[in-house]
>>> print(open('final33.pdb').read())   # PDB, C-alpha atoms
ATOM      1  CA  GLN A   1      10.684  25.148 -11.024
ATOM      2  CA  THR A   2      12.549  22.026  -9.920
ATOM      3  CA  LYS A   3      13.611  21.033 -13.445
ATOM      4  CA  LYS A   4      12.939  17.420 -12.447
ATOM      5  CA  PHE A   5      10.277  14.788 -13.014
ATOM      6  CA  VAL A   6       7.036  15.758 -11.248
ATOM      7  CA  ILE A   7       3.802  14.024 -10.381
ATOM      8  CA  GLY A   8       0.732  16.234 -10.545
ATOM      9  CA  GLU A   9      -2.435  16.347  -8.513
ATOM     10  CA  TYR A  10      -5.531  14.190  -8.870
ATOM     11  CA  GLN A  11      -7.695  15.498 -11.730
ATOM     12  CA  VAL A  12     -10.738  14.522 -13.707
ATOM     13  CA  GLY A  13     -10.100  14.741 -17.438
ATOM     14  CA  ARG A  14     -12.168  17.431 -19.154
ATOM     15  CA  ILE A  15     -12.641  15.365 -22.299
ATOM     16  CA  THR A  16     -12.857  11.821 -20.930
ATOM     17  CA  GLY A  17     -14.387  12.574 -17.531
ATOM     18  CA  LYS A  18     -12.079   9.906 -16.046
ATOM     19  CA  PRO A  19      -9.747  10.354 -13.082
ATOM     20  CA  ILE A  20      -6.172  10.979 -14.182
ATOM     21  CA  LEU A  21      -2.777  11.594 -12.709
ATOM     22  CA  THR A  22      -0.505  13.863 -14.734
ATOM     23  CA  LEU A  23       3.228  13.318 -14.988
ATOM     24  CA  GLY A  24       5.695  15.845 -16.352
ATOM     25  CA  HIS A  25       9.374  15.893 -17.225
ATOM     26  CA  PRO A  26      11.243  18.938 -18.553
ATOM     27  CA  ALA A  27      13.417  18.884 -21.663
ATOM     28  CA  LEU A  28      16.332  21.168 -20.847
ATOM     29  CA  THR A  29      18.519  23.246 -23.149
ATOM     30  CA  PRO A  30      22.318  22.838 -22.960
ATOM     31  CA  THR A  31      22.356  25.850 -20.599
ATOM     32  CA  GLY A  32      19.894  24.170 -18.217
ATOM     33  CA  GLN A  33      16.809  26.168 -19.122
ATOM     34  CA  VAL A  34      13.437  24.461 -19.616
ATOM     35  CA  ALA A  35      12.754  24.262 -23.350
ATOM     36  CA  LYS A  36       9.685  22.015 -23.234
ATOM     37  CA  VAL A  37       7.762  19.886 -20.810
ATOM     38  CA  ILE A  38       6.853  16.359 -21.790
ATOM     39  CA  SER A  39       3.689  15.351 -20.000
ATOM     40  CA  THR A  40       1.257  12.493 -19.949
ATOM     41  CA  GLY A  41      -1.741  11.403 -17.980
ATOM     42  CA  ILE A  42      -2.344   8.044 -16.351
ATOM     43  CA  ASP A  43      -5.946   6.850 -16.481
ATOM     44  CA  LEU A  44      -6.501   5.859 -12.844
ATOM     45  CA  SER A  45      -9.643   3.894 -13.685
ATOM     46  CA  ARG A  46      -7.387   1.375 -15.451
ATOM     47  CA  LEU A  47      -5.819   0.494 -12.094
ATOM     48  CA  ASP A  48      -9.075  -1.130 -11.019
ATOM     49  CA  GLU A  49      -9.000  -3.371 -14.105
ATOM     50  CA  LEU A  50      -5.360  -4.320 -13.478
ATOM     51  CA  ILE A  51      -5.984  -5.107  -9.812
ATOM     52  CA  ASN A  52      -9.022  -7.247 -10.646
ATOM     53  CA  ILE A  53      -6.948  -9.214 -13.152
ATOM     54  CA  SER A  54      -4.212  -9.825 -10.570
ATOM     55  CA  LYS A  55      -6.646 -11.470  -8.105
ATOM     56  CA  LEU A  56      -5.381 -10.068  -4.810
ATOM     57  CA  PRO A  57      -5.878 -12.190  -1.688
ATOM     58  CA  PRO A  58      -9.108 -11.612   0.252
ATOM     59  CA  GLY A  59      -8.966  -8.895   2.884
ATOM     60  CA  ILE A  60      -6.118  -6.947   1.292
ATOM     61  CA  HIS A  61      -6.407  -3.165   1.005
ATOM     62  CA  LEU A  62      -4.416  -1.092  -1.483
ATOM     63  CA  ASN A  63      -4.360   2.685  -1.063
ATOM     64  CA  ILE A  64      -2.677   5.148  -3.414
ATOM     65  CA  PHE A  65      -2.875   8.811  -2.424
ATOM     66  CA  ASP A  66      -1.007  12.099  -2.685
ATOM     67  CA  HIS A  67       0.695  14.399  -0.176
ATOM     68  CA  ASN A  68      -2.676  15.991   0.643
ATOM     69  CA  GLY A  69      -4.263  12.614   1.436
ATOM     70  CA  THR A  70      -6.358  12.719  -1.749
ATOM     71  CA  VAL A  71      -7.100   9.174  -2.882
ATOM     72  CA  PHE A  72      -6.014   8.286  -6.412
ATOM     73  CA  PHE A  73      -7.021   4.667  -6.057
ATOM     74  CA  ARG A  74      -8.280   2.338  -3.361
ATOM     75  CA  TYR A  75      -8.927  -1.371  -3.510
ATOM     76  CA  PRO A  76     -11.541  -2.513  -2.773
ATOM     77  CA  ASP A  77     -14.250   0.016  -3.566
ATOM     78  CA  ALA A  78     -12.230   2.351  -5.777
ATOM     79  CA  ALA A  79     -15.187   4.353  -7.069
ATOM     80  CA  SER A  80     -16.389   5.641  -3.711
ATOM     81  CA  PHE A  81     -12.954   6.901  -2.584
ATOM     82  CA  ALA A  82     -11.303   8.298  -5.742
ATOM     83  CA  GLY A  83     -10.717  12.036  -5.571
ATOM     84  CA  LYS A  84     -11.693  12.290  -1.892
ATOM     85  CA  LYS A  85      -9.559  12.744   1.206
ATOM     86  CA  MET A  86      -8.358   9.481   2.695
ATOM     87  CA  PRO A  87     -10.522   8.970   5.817
ATOM     88  CA  HIS A  88      -8.014   6.744   7.626
ATOM     89  CA  THR A  89      -6.245   9.519   9.544
ATOM     90  CA  LEU A  90      -3.684   7.511  11.568
ATOM     91  CA  LEU A  91      -2.490   5.645   8.491
ATOM     92  CA  VAL A  92      -2.297   8.819   6.395
ATOM     93  CA  LYS A  93      -0.493  10.793   9.113
ATOM     94  CA  THR A  94       2.057   8.018   9.589
ATOM     95  CA  VAL A  95       2.641   7.536   5.853
ATOM     96  CA  LEU A  96       3.045  11.274   5.219
ATOM     97  CA  ALA A  97       5.410  11.678   8.173
ATOM     98  CA  GLU A  98       7.595   8.599   7.711
ATOM     99  CA  LYS A  99       7.389   8.105   3.895
ATOM    100  CA  GLU A 100       8.306   4.400   4.211
ATOM    101  CA  GLY A 101       7.703   1.711   6.798
ATOM    102  CA  ILE A 102       5.170  -0.574   8.444
ATOM    103  CA  ILE A 103       2.286   0.193  10.798
ATOM    104  CA  GLU A 104      -0.335  -1.981  12.479
ATOM    105  CA  THR A 105      -3.649  -0.170  12.664
ATOM    106  CA  LEU A 106      -7.389  -0.582  12.361
ATOM    107  CA  GLY A 107      -8.738  -0.429   8.792
ATOM    108  CA  LEU A 108     -11.843   1.449   7.715
ATOM    109  CA  ASP A 109     -13.816  -1.799   7.954
ATOM    110  CA  GLY A 110     -12.809  -2.393  11.592
ATOM    111  CA  VAL A 111     -10.236  -5.098  10.777
ATOM    112  CA  THR A 112      -6.722  -4.691  12.179
ATOM    113  CA  ARG A 113      -4.192  -4.774   9.375
ATOM    114  CA  LEU A 114      -0.468  -4.637   8.929
ATOM    115  CA  TYR A 115       0.204  -1.826   6.423
ATOM    116  CA  GLY A 116       3.434  -1.575   4.479
ATOM    117  CA  PHE A 117       3.910   1.785   2.810
ATOM    118  CA  THR A 118       6.319   3.688   0.600
ATOM    119  CA  SER A 119       6.443   6.807  -1.538
ATOM    120  CA  PHE A 120       7.709   7.839  -4.925
ATOM    121  CA  GLY A 121       8.056  11.172  -6.640
ATOM    122  CA  ASP A 122       9.729  14.263  -5.223
ATOM    123  CA  ALA A 123      10.258  14.846  -1.504
ATOM    124  CA  ASN A 124       7.666  17.637  -1.228
ATOM    125  CA  GLY A 125       4.829  15.981  -3.070
ATOM    126  CA  GLY A 126       4.800  12.583  -4.592
ATOM    127  CA  VAL A 127       2.541   9.608  -4.395
ATOM    128  CA  PHE A 128       2.160   7.227  -1.480
ATOM    129  CA  VAL A 129       1.216   3.567  -1.628
ATOM    130  CA  ALA A 130      -0.004   1.658   1.434
ATOM    131  CA  VAL A 131      -0.904  -2.029   1.274
ATOM    132  CA  GLY A 132      -2.731  -3.599   4.204
ATOM    133  CA  LEU A 133      -2.987  -7.275   5.073
ATOM    134  CA  PRO A 134      -5.241  -8.603   7.839
ATOM    135  CA  LEU A 135      -3.081  -9.853  10.703
ATOM    136  CA  GLU A 136      -4.401 -13.392  10.208
ATOM    137  CA  VAL A 137      -3.171 -13.371   6.595
ATOM    138  CA  ALA A 138       0.097 -11.561   7.349
ATOM    139  CA  PHE A 139       1.101 -13.960  10.110
ATOM    140  CA  ALA A 140      -0.598 -17.170   8.907
ATOM    141  CA  ARG A 141       2.639 -18.872   7.828
ATOM    142  CA  VAL A 142       4.497 -17.862  10.994
ATOM    143  CA  ASP A 143       1.601 -19.021  13.170
ATOM    144  CA  ALA A 144       1.464 -22.399  11.402
ATOM    145  CA  VAL A 145       5.224 -22.979  11.718
ATOM    146  CA  THR A 146       5.193 -21.931  15.392
ATOM    147  CA  PHE A 147       2.259 -24.264  16.097
ATOM    148  CA  HIS A 148       4.048 -27.217  14.473
ATOM    149  CA  HIS A 149       7.268 -26.456  16.373
ATOM    150  CA  LEU A 150       5.346 -26.302  19.651
ATOM    151  CA  LEU A 151       3.699 -29.649  18.881
ATOM    152  CA  TRP A 152       7.110 -31.234  18.256
ATOM    153  CA  LEU A 153       8.505 -29.641  21.409
ATOM    154  CA  MET A 154       5.606 -30.999  23.469
ATOM    155  CA  ALA A 155       6.011 -34.456  21.924
ATOM    156  CA  VAL A 156       9.765 -34.565  22.592
ATOM    157  CA  SER A 157       9.285 -33.174  26.113
ATOM    158  CA  GLY A 158       6.609 -35.783  26.808
ATOM    159  CA  PHE A 159       8.879 -38.547  25.516
ATOM    160  CA  VAL A 160      11.777 -37.324  27.681
ATOM    161  CA  LEU A 161       9.509 -37.139  30.739
ATOM    162  CA  LEU A 162       8.239 -40.640  30.015
ATOM    163  CA  LEU A 163      11.834 -41.946  29.755
ATOM    164  CA  ALA A 164      12.750 -40.170  33.011
ATOM    165  CA  TRP A 165       9.739 -41.656  34.792
ATOM    166  CA  VAL A 166      10.464 -45.155  33.492
ATOM    167  CA  GLY A 167      14.187 -44.762  34.291
TER     168      GLY A 167
END
>>> encode(input="final33.pdb", output="structure tokens")
Amino acid sequence: QTKKFVIGEYQVGRITGKPILTLGHPALTPTGQVAKVISTGIDLSRLDELINISKLPPGIHLNIFDHNGTVFFRYPDAASFAGKKMPHTLLVKTVLAEKEGIIETLGLDGVTRLYGFTSFGDANGGVFVAVGLPLEVAFARVDAVTFHHLLWLMAVSGFVLLLAWVG
């Protein structure tokens, strides 16, 4: 209908029994009519292998889901979430409404995380990716730099006070 690239719904392959995501792109005639549709399926179980190879930092959560909130992939614990509705309602509502941004919210495990999210695919459907970092991990560098700056500020202030007292 759209004559554009489309991302399908979550499916389980009839032959392989594995979760897949179908992609389709029309081949148009010179008059703009659809002559053929080129389609392929992405084996979503391969994502788990790729993520495990990449060695993500501890505490990180990766969520990939569709416009219905159906989970394509979740790290960690991909097997128990794939094909089900994403249970994290505030995150899903925010991602679906805003399409791209950052939100601080409680994760499913009770840990507050900073989630960055974006979407790809068409405006009506598409796929959404949300990556969550625990606040301690997200702000560790900033906290360390701020702590060191405060130490230097206290040391300089103490030295100035000492000079003023002696003077």
>>> axis_aligned_box(input="final33.pdb", around="stretch 74-78 of chain A", padding_each_side="5 Å", output="AutoDock Vina command-line options")
--center_x -11.3 --center_y -0.1 --center_z -4.3 --size_x 16.0 --size_y 14.9 --size_z 13.0
>>> residues_around(input="final33.pdb", residues="A:Ser80", least_positions_apart="5", cutoff="10 Å", atoms="only C-alpha atoms", output="list in words")
Val71, Phe73 and Arg74 of chain A
>>> atom_distance(input="final33.pdb", atom1="atom CA of A:Ile7", atom2="atom CA of A:Leu21")
7.4 Å
>>> atom_distance(input="final33.pdb", atom1="atom CA of A:Ala82", atom2="atom CA of A:Leu44")
8.9 Å
>>> resolve_selection(input="final33.pdb", expression="the PyMOL selection byres ((chain A and resi 83) around 7)", output="PyMOL selection string")
chain A and resi 10+70-72+81-82+84-85
>>> write_last_selection(input="final33.pdb", atoms="C-alpha atoms", output="JSON list (two decimals), in the coordinates of the input")
[["chain", "number", "residue", "atom", "x", "y", "z"],
["A", 10, "TYR", "CA", -5.53, 14.19, -8.87],
["A", 70, "THR", "CA", -6.36, 12.72, -1.75],
["A", 71, "VAL", "CA", -7.10, 9.17, -2.88],
["A", 72, "PHE", "CA", -6.01, 8.29, -6.41],
["A", 81, "PHE", "CA", -12.95, 6.90, -2.58],
["A", 82, "ALA", "CA", -11.30, 8.30, -5.74],
["A", 84, "LYS", "CA", -11.69, 12.29, -1.89],
["A", 85, "LYS", "CA", -9.56, 12.74, 1.21]]
>>> atom_distance(input="final33.pdb", atom1="atom CA of A:Leu106", atom2="atom CA of A:Leu56")
19.7 Å
>>> residues_around(input="final33.pdb", residues="stretch 94-105 of chain A", least_positions_apart="2", cutoff="10 Å", atoms="only C-alpha atoms", output="NGL selection string")
:A and (65-69 or 88-92 or 107-108 or 110-120 or 123 or 125-135)
>>> resolve_selection(input="final33.pdb", expression="the PyMOL selection byres ((chain A and resi 37) around 6)", output="list of chain:residue names")
A:His25, A:Pro26, A:Ala27, A:Lys36, A:Ile38
